[in-house]
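Participant: Pasting in a structure now, in C-alpha cells, and then I'll have a few things to ask.
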Amino acid sequence: MATDKEIVGSVKEQLAKLFEESLRAAFPDIEDVHPMIAICNDSRHGDYQCNNAMSLWNKIKGQGTQFRGPQPVGKAIIDNLPASEMIERCSTAGPGFINVVLKKQWIAKSIERMLIDGIETWAPKLPVKRTVVDFSSPNIAKEMHVGHLRSTIIGDTLARMLEFSNVEVLRRNHVGDWGTQFGMLIEYLFDKIPNWEAASAQAIGDLQAFYKASKQRFDNDPDFKERAQKAVVSLQGGEEKYRKAWTQICEVSREEFQRVYQRLGVHLEEKGESFYNPYIPKALDLLNNKGLIQESEGARVIFIEGKKIPLIVVKRDGGFNYASTDLTALWYRLNEEKADWMIYVTDVGQREHFEMVFAAAKLAGWLPQNENDFPKASHVGFGLVLGDDGKRFRTRSTEVVKLVDLLDEAKSRCKLALEERGKATEWTAEELEQTAEAVGYGAVKYADLKNNRLTNYTFNFDQMLSDKGNTAVYLLYAHARICSIIRKSGRDIEELKKVGGIVLAHPDERALGLHLLQFAEIVEEACINLLPNLLCEYLYKLSEDFTKFYTNCQVVGSAEETRRLLLCEATAVVMRKCFYLLGITPVYKI
Ligand code: ARG
C-alpha cells in the first residue's frame with residue numbers, strides 16, 4: 001500500500017541514523033561500523049540501547065588508543081551525537097551499553113503525524129523489491145488438510161506484511177497438479193462419465209471419493225492399471241483429449257479450494273507444478289553443465305554435502321519429480337520473475353527437501369553462498385495441528401478434517417454466542433452474520449498465528465473462541481471497545497486530529513505511546529525472520545498497554561479528554577492495521 005507521504009522508518013532506524021553520524025565523528029579512522037540499536041530489555045534503564053561500545057573497544061584496544069575501556073568509548077559516542085528532537089538523554093551502563101531515553105514530545109509528535117499522514121508512513125523499509133511467497137499449495141484431487149490451512153494462513157500474513165512494507169509479492173499457489181495419479185483419474189473419468197466432455201465439471205461430484213474409487217480400481221484391475229499408465233504418457237505428450245480431461249479434473253479441485261480461500265479472504269495466483277514442466281529439461285541442463293548431476297542406481301541425482309541421500313532429479317523411469325519441479329521453479333522465479341526473495345511455506349516435514357534444493361541452487365551459483373545475501377530462498381516450516389488427545393488433528397471418523405466444515409463451525413459457534421448475548425434483536429441479520437464471520441474466522445487464524453510456527457498447537461474451539469486471554473475474540477472486542485469510547489465521547493475525531501496536542505504526561509500514556517511507535521520495527525522483524533507470532537505478541541501487548549492506560553487515565557469527561565481521545569484513536573488505527581496484516585476483519589461494535 002504505497003503512500004505519497006514520506007515513510008519515516010522505524011524508531012530503530014531513525015536512532016541508527018543519529019548513532020551512525022556519531023560513530024563516524026567519534027571514530028573517523030574505523031570503517032564500516034554499523035550502529036547496533038535494540039529495544040532496552042529493562043524499560044527502567046531507557047527505551048532503546050546502542051551496543052557498539054564493547055565491540056569498538058575490542059577493535060581499538062592495544063592500538064595505542066586514548067580510551068581506557070568500553071565506558072569511555074560509550075561516552076565519546078554520546079558526546080558526538082548530533083542534536084535531535086528525538087533523544088531526551090543518554091547514559092552509559094554496565095560494560096558500555098548506551099541507554100537512550102526518547103523525548104515524550106517527539107513520541108507524541110510522531111503519533112500525531114501518523115494520525116494525519118496515515119499508518120502507511122510507518123511501513124518498514126526492507127532490503128528487497130520482489131518476493132515470491134509460495135503458500136497453501138494443496139494437491140489436486142486430494143484433500144486439502146489442516147497443514148494446507150496453516151500454510152494458507154501463515155503465507156497470507158507474510159504476504160500481507162511484505163506488501164505493507166512496499167515489497168512486490170507474487171502470491172504463488174504451487175498446486176500439485178502433475179504426476180502419475182492423473183493417468184488413473186483420467187481413465188476413471190472416461191469410464192464413469194462417458195459424456196464427460198459435455199457434462200459439467202460437477203458431474204465428478206466429490207473428488208476425494210472419485211480419487212479413492214479410481215485408486216481402488218487401479219490397484220485391483222490390471223487392465224485398468226495399464227490404461228492408466230498409458231494415459232499418463234498421453235497427458236504428458238500433450239494429447240488434446242487427455243489435456244482436456246486433466247483440465248476438467250483440476251477445475252473441480254480448484255472450486256473446492258476456492259471455498260476455503262473465499263472464507264479466509266485469501267487471494268492466490270496459481271502456478272502449479274505443471275506450469276514448470278516444460279522448463280525442467282533446460283534447468284537440468286544448466287545443472288548438468290556445472291557437473292552437478294550424477295548417475296546413481298539408474299536415477300540422476302545431485303549429491304549434497306552433509307546429506308546421506310542425494311537429491312533425485314530424474315527418476316529411474318526417466319520421469320521428473322517433486323525435486324526437479326522445485327529446482328526449476330526456483331530457477332524460473334530467479335530468472336524469469338526476477339524475485340530476490342523466495343519464501344516457501346510448508347510443514348517442517350519438508351525442511352530436508354528444501355535444504356537440498358537450496359543447497360543445489362547454491363552449488364549451481366544460482367543463489368549466493370552467504371545465507372544473508374540476496375537473492376535468498378527461505379523455507380518457512382511449521383508444526384502440526386493437534387487434537388485434544390495430543391494426536392494429529394482429525395475428526396472422530398479418523399478422516400482428515402474438512403476445512404470448510406471447520407471454518408463454518410467456528411462461525412456458527414460465534415453466531416450462537418452473539419445470539420445468546422441478545423445481538424439478534426439488537427443488530428440486523430447482516431451485521432450478525434458479518435460479525436460472526438469476522439470473529440469466527442479471525443479466531444481460527446489468530447490461534448494459529450500466535451504460536452511460534454515451528455511448535456505444534458492444539459486446535460480447540462472453546463479456547464480460541466474465549467473472550468478472555470490471548471485470543472482474537474478478546475482483541476477484536478478490545479478494539480470495538482475503543483471505538484465505542486470514541487463514539488460515546490460525541491467528539492469529531494477528524495477535527496481533533498487537526499488540533500493535535502497529544503501530551504504523554506502520565507507514565508501509562510507514555511508507555512502506550514512508545515509501544516504504538518514500535519509498530520514499524522515489529523513488522524520489520526516479523527518480515528525478516530518470517531515470524532507472524534511477533535506481530536501477535538505486539539498486538540496483545542498493545543491491548544494490555546491500552547487497558548492499563550484506560551484504567552489509570554480518565555478519558556471522557558476529563559480535562560485531558562482531547563489528547564487522550566487521540567491516543568485512543570491511534571491505538572485503534574494500529575490495532576486495525578495489525579488485524580489487517582493478520583488477515584483478520586476488525587469489528588467496530590460488540
Ligand atoms: N503440494 C505440496 C504439498 O501438499 C506443497 C507444495 C509446496 N511448494 C513447493 N514449491 N514445493 O505438500
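Ligands are numbered from 1 in the order shown, residues from 1 within each chain, and chains are lettered A, B, ... in the order they appear in the C-alpha cells.
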Return as a PyMOL selection string every polymer residue, whether protein, DNA or RNA, with at least one atom no more than 6 Å from an atom of ligand 1; count only C-alpha atoms and all ligand atoms.
Facilitator: chain A and resi 134+137-139+174-176+326+346
Participant: Those same residues - C-alpha atoms - I'd like them written as a PDB file, in the first residue's frame.
Facilitator:
```pdb
ATOM      1  CA  ASP A 134       4.793 -19.975  -2.238  1.00  0.00           C
ATOM      2  CA  SER A 137      -0.294 -25.276  -2.443  1.00  0.00           C
ATOM      3  CA  PRO A 138      -2.699 -28.189  -1.968  1.00  0.00           C
ATOM      4  CA  ASN A 139      -2.786 -31.187  -4.282  1.00  0.00           C
ATOM      5  CA  HIS A 174       2.142 -24.210  -6.233  1.00  0.00           C
ATOM      6  CA  VAL A 175      -0.645 -26.773  -6.540  1.00  0.00           C
ATOM      7  CA  GLY A 176       0.211 -30.422  -7.072  1.00  0.00           C
ATOM      8  CA  ASP A 326      11.136 -27.240  -7.365  1.00  0.00           C
ATOM      9  CA  THR A 346       5.119 -25.850   4.207  1.00  0.00           C
TER      10      THR A 346
END
```
Participant: Find the residues near Ser466 of chain A: any atom within 12 Å, counting only C-alpha atoms, skip ones fewer than 4 places away on the same chain, and give them as a list in words.
Facilitator: Ala410, Arg413, Cys414, Ala417, Val439, Gly440, Ala443, Val444, Ala447, Asn460, Phe461, Asp462, Asn470, Thr471, Ala472, Val473, Tyr474, Leu475, Leu476 and Tyr477 of chain A
Participant: How would the residues just chosen look if you wrote them out with N, CA and C atoms as a CSV table (one decimal), in the first residue's frame?
Facilitator:
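Saved result, out.csv, follows:
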```csv
chain,number,residue,atom,x,y,z
A,410,ALA,N,-16.6,-22.7,13.3
A,410,ALA,CA,-16.1,-21.5,14.1
A,410,ALA,C,-17.1,-20.4,13.9
A,413,ARG,N,-20.5,-21.2,15.8
A,413,ARG,CA,-20.3,-21.1,17.3
A,413,ARG,C,-20.4,-19.6,17.7
A,414,CYS,N,-19.7,-18.8,16.9
A,414,CYS,CA,-19.7,-17.3,17.2
A,414,CYS,C,-21.1,-16.7,17.1
A,417,ALA,N,-23.0,-17.6,20.1
A,417,ALA,CA,-22.6,-16.8,21.3
A,417,ALA,C,-23.2,-15.4,21.2
A,439,VAL,N,-15.3,-12.7,13.6
A,439,VAL,CA,-14.7,-13.3,14.8
A,439,VAL,C,-14.4,-14.8,14.7
A,440,GLY,N,-15.2,-15.5,14.0
A,440,GLY,CA,-15.0,-17.0,13.9
A,440,GLY,C,-13.8,-17.3,13.0
A,443,ALA,N,-10.7,-16.0,14.7
A,443,ALA,CA,-10.2,-16.8,15.9
A,443,ALA,C,-9.4,-17.9,15.4
A,444,VAL,N,-9.8,-18.6,14.3
A,444,VAL,CA,-9.0,-19.7,13.8
A,444,VAL,C,-7.7,-19.2,13.3
A,447,ALA,N,-5.4,-18.2,16.4
A,447,ALA,CA,-5.0,-19.3,17.3
A,447,ALA,C,-3.8,-20.0,16.6
A,460,ASN,N,-8.5,-26.1,19.5
A,460,ASN,CA,-9.6,-26.2,20.5
A,460,ASN,C,-10.5,-25.0,20.4
A,461,PHE,N,-11.8,-25.3,19.9
A,461,PHE,CA,-12.7,-24.2,19.7
A,461,PHE,C,-13.0,-23.4,20.9
A,462,ASP,N,-13.2,-24.1,22.1
A,462,ASP,CA,-13.5,-23.4,23.3
A,462,ASP,C,-12.4,-22.4,23.7
A,470,ASN,N,-5.4,-14.4,25.4
A,470,ASN,CA,-4.7,-14.0,24.2
A,470,ASN,C,-5.5,-14.7,23.0
A,471,THR,N,-6.7,-14.1,22.7
A,471,THR,CA,-7.4,-14.7,21.6
A,471,THR,C,-7.9,-13.5,20.7
A,472,ALA,N,-8.3,-13.9,19.5
A,472,ALA,CA,-8.8,-12.9,18.5
A,472,ALA,C,-10.0,-12.3,19.1
A,473,VAL,N,-10.9,-13.1,19.7
A,473,VAL,CA,-12.1,-12.6,20.2
A,473,VAL,C,-11.8,-11.4,21.2
A,474,TYR,N,-11.0,-11.7,22.2
A,474,TYR,CA,-10.6,-10.7,23.2
A,474,TYR,C,-10.1,-9.4,22.5
A,475,LEU,N,-9.2,-9.6,21.5
A,475,LEU,CA,-8.6,-8.4,20.8
A,475,LEU,C,-9.6,-7.7,20.0
A,476,LEU,N,-10.4,-8.4,19.3
A,476,LEU,CA,-11.5,-7.7,18.5
A,476,LEU,C,-12.4,-6.9,19.4
A,477,TYR,N,-12.8,-7.5,20.5
A,477,TYR,CA,-13.6,-6.8,21.4
A,477,TYR,C,-12.9,-5.6,22.0
```
Participant: I need the residues of segment 298-527 of chain A that end up classed as strand (DSSP E or B) by DSSP on the backbone, written out as JSON, numbers by chain.
Facilitator: {"A": [299, 300, 301, 302, 311, 312, 313, 314, 341, 342, 343, 344, 345, 346, 347, 376, 377, 378, 379, 380, 381, 382, 385, 386, 392, 457, 458]}
Participant: Please produce a file of the residues just selected, as a PDB file, in the first residue's frame, where the atoms kept are N, CA and C atoms.
Facilitator:
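Result saved to selection.pdb:
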```pdb
ATOM      1  N   ALA A 299      19.104 -43.737 -11.434  1.00  0.00           N
ATOM      2  CA  ALA A 299      18.478 -42.414 -11.393  1.00  0.00           C
ATOM      3  C   ALA A 299      19.545 -41.344 -11.624  1.00  0.00           C
ATOM      4  N   ARG A 300      19.087 -40.101 -11.853  1.00  0.00           N
ATOM      5  CA  ARG A 300      20.042 -38.997 -11.971  1.00  0.00           C
ATOM      6  C   ARG A 300      19.874 -38.140 -10.720  1.00  0.00           C
ATOM      7  N   VAL A 301      20.997 -37.893 -10.069  1.00  0.00           N
ATOM      8  CA  VAL A 301      20.916 -37.284  -8.734  1.00  0.00           C
ATOM      9  C   VAL A 301      21.958 -36.186  -8.549  1.00  0.00           C
ATOM     10  N   ILE A 302      21.726 -35.370  -7.520  1.00  0.00           N
ATOM     11  CA  ILE A 302      22.720 -34.373  -7.103  1.00  0.00           C
ATOM     12  C   ILE A 302      23.125 -34.715  -5.675  1.00  0.00           C
ATOM     13  N   LEU A 311      19.781 -35.842  -3.823  1.00  0.00           N
ATOM     14  CA  LEU A 311      18.532 -35.297  -4.335  1.00  0.00           C
ATOM     15  C   LEU A 311      18.284 -35.911  -5.713  1.00  0.00           C
ATOM     16  N   ILE A 312      17.197 -36.660  -5.828  1.00  0.00           N
ATOM     17  CA  ILE A 312      16.905 -37.304  -7.114  1.00  0.00           C
ATOM     18  C   ILE A 312      16.226 -36.285  -8.024  1.00  0.00           C
ATOM     19  N   VAL A 313      16.775 -36.084  -9.216  1.00  0.00           N
ATOM     20  CA  VAL A 313      16.180 -35.114 -10.122  1.00  0.00           C
ATOM     21  C   VAL A 313      15.571 -35.763 -11.366  1.00  0.00           C
ATOM     22  N   VAL A 314      16.021 -36.971 -11.699  1.00  0.00           N
ATOM     23  CA  VAL A 314      15.330 -37.742 -12.738  1.00  0.00           C
ATOM     24  C   VAL A 314      15.176 -39.162 -12.197  1.00  0.00           C
ATOM     25  N   TRP A 341      13.619 -12.670  -3.273  1.00  0.00           N
ATOM     26  CA  TRP A 341      13.420 -13.500  -2.067  1.00  0.00           C
ATOM     27  C   TRP A 341      12.334 -14.522  -2.366  1.00  0.00           C
ATOM     28  N   MET A 342      12.676 -15.799  -2.249  1.00  0.00           N
ATOM     29  CA  MET A 342      11.727 -16.881  -2.491  1.00  0.00           C
ATOM     30  C   MET A 342      11.377 -17.519  -1.147  1.00  0.00           C
ATOM     31  N   ILE A 343      10.107 -17.477  -0.803  1.00  0.00           N
ATOM     32  CA  ILE A 343       9.674 -17.934   0.517  1.00  0.00           C
ATOM     33  C   ILE A 343       8.718 -19.110   0.326  1.00  0.00           C
ATOM     34  N   TYR A 344       9.006 -20.219   0.988  1.00  0.00           N
ATOM     35  CA  TYR A 344       8.195 -21.440   0.837  1.00  0.00           C
ATOM     36  C   TYR A 344       7.561 -21.808   2.167  1.00  0.00           C
ATOM     37  N   VAL A 345       6.249 -21.853   2.203  1.00  0.00           N
ATOM     38  CA  VAL A 345       5.555 -22.131   3.462  1.00  0.00           C
ATOM     39  C   VAL A 345       4.976 -23.549   3.428  1.00  0.00           C
ATOM     40  N   THR A 346       5.630 -24.468   4.109  1.00  0.00           N
ATOM     41  CA  THR A 346       5.119 -25.850   4.207  1.00  0.00           C
ATOM     42  C   THR A 346       5.413 -26.400   5.596  1.00  0.00           C
ATOM     43  N   ASP A 347       4.850 -27.553   5.910  1.00  0.00           N
ATOM     44  CA  ASP A 347       5.136 -28.173   7.206  1.00  0.00           C
ATOM     45  C   ASP A 347       6.628 -28.510   7.327  1.00  0.00           C
ATOM     46  N   LYS A 376      17.678 -14.659  -2.084  1.00  0.00           N
ATOM     47  CA  LYS A 376      17.659 -15.581  -0.968  1.00  0.00           C
ATOM     48  C   LYS A 376      16.450 -16.508  -1.088  1.00  0.00           C
ATOM     49  N   ALA A 377      16.604 -17.731  -0.594  1.00  0.00           N
ATOM     50  CA  ALA A 377      15.469 -18.653  -0.547  1.00  0.00           C
ATOM     51  C   ALA A 377      15.283 -19.074   0.905  1.00  0.00           C
ATOM     52  N   SER A 378      14.050 -19.044   1.394  1.00  0.00           N
ATOM     53  CA  SER A 378      13.797 -19.401   2.793  1.00  0.00           C
ATOM     54  C   SER A 378      12.657 -20.397   2.888  1.00  0.00           C
ATOM     55  N   HIS A 379      12.877 -21.411   3.693  1.00  0.00           N
ATOM     56  CA  HIS A 379      11.780 -22.327   3.982  1.00  0.00           C
ATOM     57  C   HIS A 379      11.130 -21.916   5.287  1.00  0.00           C
ATOM     58  N   VAL A 380       9.830 -21.656   5.235  1.00  0.00           N
ATOM     59  CA  VAL A 380       9.071 -21.294   6.424  1.00  0.00           C
ATOM     60  C   VAL A 380       8.334 -22.551   6.873  1.00  0.00           C
ATOM     61  N   GLY A 381       8.936 -23.268   7.812  1.00  0.00           N
ATOM     62  CA  GLY A 381       8.337 -24.518   8.269  1.00  0.00           C
ATOM     63  C   GLY A 381       7.353 -24.278   9.405  1.00  0.00           C
ATOM     64  N   PHE A 382       6.421 -25.189   9.542  1.00  0.00           N
ATOM     65  CA  PHE A 382       5.503 -25.089  10.689  1.00  0.00           C
ATOM     66  C   PHE A 382       5.178 -26.475  11.225  1.00  0.00           C
ATOM     67  N   VAL A 385      -0.930 -29.515  13.677  1.00  0.00           N
ATOM     68  CA  VAL A 385      -2.119 -29.139  14.416  1.00  0.00           C
ATOM     69  C   VAL A 385      -2.576 -30.406  15.142  1.00  0.00           C
ATOM     70  N   LEU A 386      -2.737 -30.301  16.459  1.00  0.00           N
ATOM     71  CA  LEU A 386      -3.100 -31.472  17.258  1.00  0.00           C
ATOM     72  C   LEU A 386      -4.546 -31.379  17.730  1.00  0.00           C
ATOM     73  N   ARG A 392      -2.384 -35.964  16.006  1.00  0.00           N
ATOM     74  CA  ARG A 392      -2.729 -35.229  14.799  1.00  0.00           C
ATOM     75  C   ARG A 392      -4.228 -34.964  14.728  1.00  0.00           C
ATOM     76  N   TYR A 457       0.475 -27.042  17.728  1.00  0.00           N
ATOM     77  CA  TYR A 457      -0.503 -26.439  18.619  1.00  0.00           C
ATOM     78  C   TYR A 457      -1.797 -27.235  18.595  1.00  0.00           C
ATOM     79  N   THR A 458      -2.535 -27.094  19.694  1.00  0.00           N
ATOM     80  CA  THR A 458      -3.770 -27.859  19.840  1.00  0.00           C
ATOM     81  C   THR A 458      -4.943 -27.042  19.348  1.00  0.00           C
TER      82      THR A 458
END
```
Participant: List the spatial neighbours of Gln216 of chain A as number ranges by chain - criterion: any atom at most 12 Å away, only C-alpha atoms, same-chain residues fewer than 5 positions off excluded.
Facilitator: A: 184-185, 188, 209-211, 221-222, 224-225
Participant: Give me the residues near Lys498 of chain A as an MDAnalysis selection string, where near means some atom within 12 Å (using only C-alpha atoms) and where sequence neighbours in that chain fewer than 5 positions away do not count.
Facilitator: chainID A and resid 112:117 492:493 562:563 566
Participant: Just list as JSON, numbers by chain whatever in segment 307-511 of chain A DSSP marks as alpha helix (DSSP H).
Facilitator: {"A": [322, 323, 324, 325, 326, 327, 328, 329, 330, 331, 332, 333, 334, 335, 351, 352, 353, 354, 355, 356, 357, 358, 359, 360, 361, 362, 363, 403, 404, 405, 406, 407, 408, 409, 410, 411, 412, 413, 414, 415, 416, 417, 418, 419, 420, 423, 424, 425, 426, 429, 430, 431, 432, 433, 434, 435, 436, 437, 438, 439, 440, 441, 442, 443, 444, 445, 446, 447, 448, 449, 461, 462, 463, 464, 472, 473, 474, 475, 476, 477, 478, 479, 480, 481, 482, 483, 484, 485, 486, 487, 488, 489, 493, 494, 495, 496, 497, 498, 499, 507, 508, 509, 510, 511]}
Participant: Could the residues in this selection be written to a file with C-alpha atoms, as a compact mmCIF listing (two decimals), in the first residue's frame?
Facilitator:
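File selection-v8.txt, as written:
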```
# COMPACT_ATOMS: atom_id res chain seq x y z
CA TYR A 322 8.88 -33.00 -6.89
CA ALA A 323 12.55 -32.00 -6.68
CA SER A 324 13.03 -31.45 -10.41
CA THR A 325 9.96 -29.23 -10.38
CA ASP A 326 11.14 -27.24 -7.36
CA LEU A 327 14.62 -26.72 -8.78
CA THR A 328 13.05 -25.50 -11.99
CA ALA A 329 10.54 -23.29 -10.18
CA LEU A 330 13.42 -21.74 -8.24
CA TRP A 331 15.29 -21.08 -11.46
CA TYR A 332 12.15 -19.58 -13.00
CA ARG A 333 11.45 -17.34 -10.03
CA LEU A 334 15.01 -16.04 -10.04
CA ASN A 335 15.48 -15.57 -13.75
CA ARG A 351 12.58 -28.98 5.51
CA GLU A 352 15.09 -31.54 4.26
CA HIS A 353 13.68 -31.30 0.74
CA PHE A 354 14.06 -27.54 0.63
CA GLU A 355 17.50 -27.61 2.24
CA MET A 356 18.65 -29.90 -0.55
CA VAL A 357 17.02 -27.83 -3.29
CA PHE A 358 18.55 -24.62 -1.95
CA ALA A 359 21.94 -26.30 -1.49
CA ALA A 360 21.86 -27.49 -5.11
CA ALA A 361 20.98 -23.97 -6.25
CA LYS A 362 23.99 -22.65 -4.32
CA LEU A 363 26.28 -25.24 -5.89
CA LEU A 403 -11.58 -27.36 6.22
CA VAL A 404 -14.77 -25.77 5.04
CA ASP A 405 -16.72 -27.51 7.82
CA LEU A 406 -14.13 -26.44 10.34
CA LEU A 407 -14.40 -22.78 9.36
CA ASP A 408 -18.17 -22.95 9.23
CA GLU A 409 -18.28 -24.40 12.72
CA ALA A 410 -16.13 -21.55 14.07
CA LYS A 411 -18.55 -19.11 12.51
CA SER A 412 -21.72 -20.80 13.75
CA ARG A 413 -20.34 -21.07 17.29
CA CYS A 414 -19.67 -17.34 17.23
CA LYS A 415 -23.10 -16.63 15.90
CA LEU A 416 -24.64 -18.64 18.69
CA ALA A 417 -22.61 -16.77 21.30
CA LEU A 418 -23.73 -13.44 19.82
CA GLU A 419 -27.36 -14.56 19.81
CA GLU A 420 -27.08 -15.62 23.42
CA LYS A 423 -27.47 -9.40 19.43
CA ALA A 424 -30.06 -10.97 17.14
CA THR A 425 -32.60 -8.38 18.22
CA GLU A 426 -30.11 -5.53 18.55
CA ALA A 429 -29.23 -10.09 10.31
CA GLU A 430 -26.41 -8.93 8.07
CA GLU A 431 -24.47 -7.40 10.96
CA LEU A 432 -24.84 -10.58 12.95
CA GLU A 433 -23.62 -12.65 10.04
CA GLN A 434 -20.63 -10.42 9.31
CA THR A 435 -19.55 -10.22 12.93
CA ALA A 436 -19.82 -13.98 13.34
CA GLU A 437 -17.64 -14.42 10.27
CA ALA A 438 -15.05 -11.86 11.31
CA VAL A 439 -14.74 -13.27 14.81
CA GLY A 440 -15.02 -16.95 13.87
CA TYR A 441 -12.52 -16.99 11.02
CA GLY A 442 -10.35 -14.46 12.85
CA ALA A 443 -10.22 -16.78 15.87
CA VAL A 444 -9.04 -19.72 13.78
CA LYS A 445 -6.34 -17.61 12.14
CA TYR A 446 -5.14 -16.00 15.34
CA ALA A 447 -4.98 -19.30 17.26
CA ASP A 448 -2.61 -20.48 14.56
CA LEU A 449 -0.53 -17.33 14.14
CA PHE A 461 -12.73 -24.21 19.68
CA ASP A 462 -13.52 -23.36 23.31
CA GLN A 463 -10.07 -21.92 23.82
CA MET A 464 -9.82 -19.92 20.62
CA ALA A 472 -8.77 -12.89 18.52
CA VAL A 473 -12.13 -12.57 20.24
CA TYR A 474 -10.58 -10.69 23.16
CA LEU A 475 -8.57 -8.45 20.83
CA LEU A 476 -11.45 -7.72 18.47
CA TYR A 477 -13.63 -6.79 21.42
CA ALA A 478 -10.87 -4.59 22.82
CA HIS A 479 -10.80 -2.74 19.52
CA ALA A 480 -14.58 -2.41 19.44
CA ARG A 481 -14.49 -1.03 22.97
CA ILE A 482 -12.02 1.68 21.95
CA CYS A 483 -14.26 2.60 19.02
CA SER A 484 -17.19 2.87 21.37
CA ILE A 485 -15.27 5.15 23.75
CA ILE A 486 -14.61 7.49 20.83
CA ARG A 487 -18.21 7.27 19.60
CA LYS A 488 -19.66 7.92 23.04
CA SER A 489 -17.47 11.00 23.55
CA ILE A 493 -12.08 12.74 15.69
CA GLU A 494 -11.15 14.30 12.33
CA GLU A 495 -11.40 17.71 13.93
CA LEU A 496 -9.38 16.60 16.93
CA LYS A 497 -6.61 15.33 14.66
CA LYS A 498 -6.25 18.80 13.19
CA VAL A 499 -5.92 20.30 16.64
CA PRO A 507 3.58 7.09 32.69
CA ASP A 508 0.85 4.87 31.22
CA GLU A 509 0.25 7.36 28.43
CA ARG A 510 3.95 7.36 27.66
CA ALA A 511 4.21 3.57 27.72
```
Participant: Using Å and a single decimal, report how far atom CA of Glu569 of chain A sits from atom CA of Ile584 of chain A.
Facilitator: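 Between these atoms lies a distance of 18.9 Å.
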Participant: Rounded to one decimal place, report the atom CA of Leu102 of chain A-atom CA of Ala83 of chain A distance in Å.
Facilitator: 12.9 Å
Participant: So which one's closest to Ile204 of chain A, A:Glu31, A:Glu163, A:Glu336, A:Glu251? Using only C-alpha atoms, please.
Facilitator: A:Glu251
Participant: Which residues, written as a VMD selection string, have at least one atom at most 12 Å from Ser22 of chain A, with only C-alpha atoms counted and residues fewer than 5 positions away on the same chain left out?
Facilitator: chain A and resid 15 to 17 27 to 28 33 to 35 50 52 to 53 73 to 84
Participant: Please identify all polymer residues within 10 Å of Glu560 of chain A, counting only C-alpha atoms, omitting same-chain residues fewer than 4 positions from it, and present them as a VMD selection string.
Facilitator: chain A and resid 501 to 503 553 to 556 564 to 565
Participant: Would you work out the distance separating atom CA of Pro281 of chain A from atom CA of Gly179 of chain A, expressed in Å to one decimal?
Facilitator: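 Distance reported for this atom pair: 16.3 Å.
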Participant: Which neighbours of Ser165 of chain A fall inside 8 Å, counting only C-alpha atoms, when residues of the same chain fewer than 2 positions from it are skipped, and could you give them as a PyMOL selection string?
Facilitator: chain A and resi 1+123-126+161-163+167+524
Participant: Could you take the residues named above and write them with C-alpha atoms, as a CSV table (one decimal), in the first residue's frame?
Facilitator:
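Now in again-v4.csv:
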```
chain,number,residue,atom,x,y,z
A,1,MET,CA,0.0,0.0,0.0
A,123,ALA,CA,5.8,0.9,7.0
A,124,PRO,CA,9.2,-0.6,7.5
A,125,LYS,CA,11.9,-0.4,4.8
A,126,LEU,CA,13.1,-3.7,3.7
A,161,MET,CA,3.3,-7.8,5.9
A,162,LEU,CA,5.6,-7.7,2.9
A,163,GLU,CA,3.1,-5.9,0.8
A,167,VAL,CA,7.6,-5.1,-1.4
A,524,GLU,CA,10.1,-5.4,10.1
```
Participant: Which residue gives the smallest distance to Leu384 of chain A among A:His506, A:His145, A:Arg89, A:Lys61, with only C-alpha atoms counted?
Facilitator: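 Among the listed residues, the smallest separation from Leu384 of chain A belongs to A:His145.
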Participant: I'd like a table as CSV: residues in segment 194-233 of chain A with an atom no more than 12 Å from segment 255-275 of chain A, each row giving the shortest atom pair and its distance in Å to one decimal, only C-alpha atoms counted, sorted by chain and rising residue number.
Facilitator:
```
residue,atom,partner,partner_atom,distance
A:Ala201,CA,A:Glu255,CA,9.7
A:Gln202,CA,A:Glu255,CA,9.7
A:Gly205,CA,A:Glu256,CA,10.9
A:Asp206,CA,A:Glu256,CA,9.6
A:Leu207,CA,A:Glu256,CA,9.1
A:Gln208,CA,A:Glu256,CA,10.7
```
Participant: Between A:Leu542, A:Ile60, A:Val146, A:Ile590, which has the minimum distance to Phe393 of chain A (counting only C-alpha atoms)?
Facilitator: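 Nearest to Phe393 of chain A: A:Val146.
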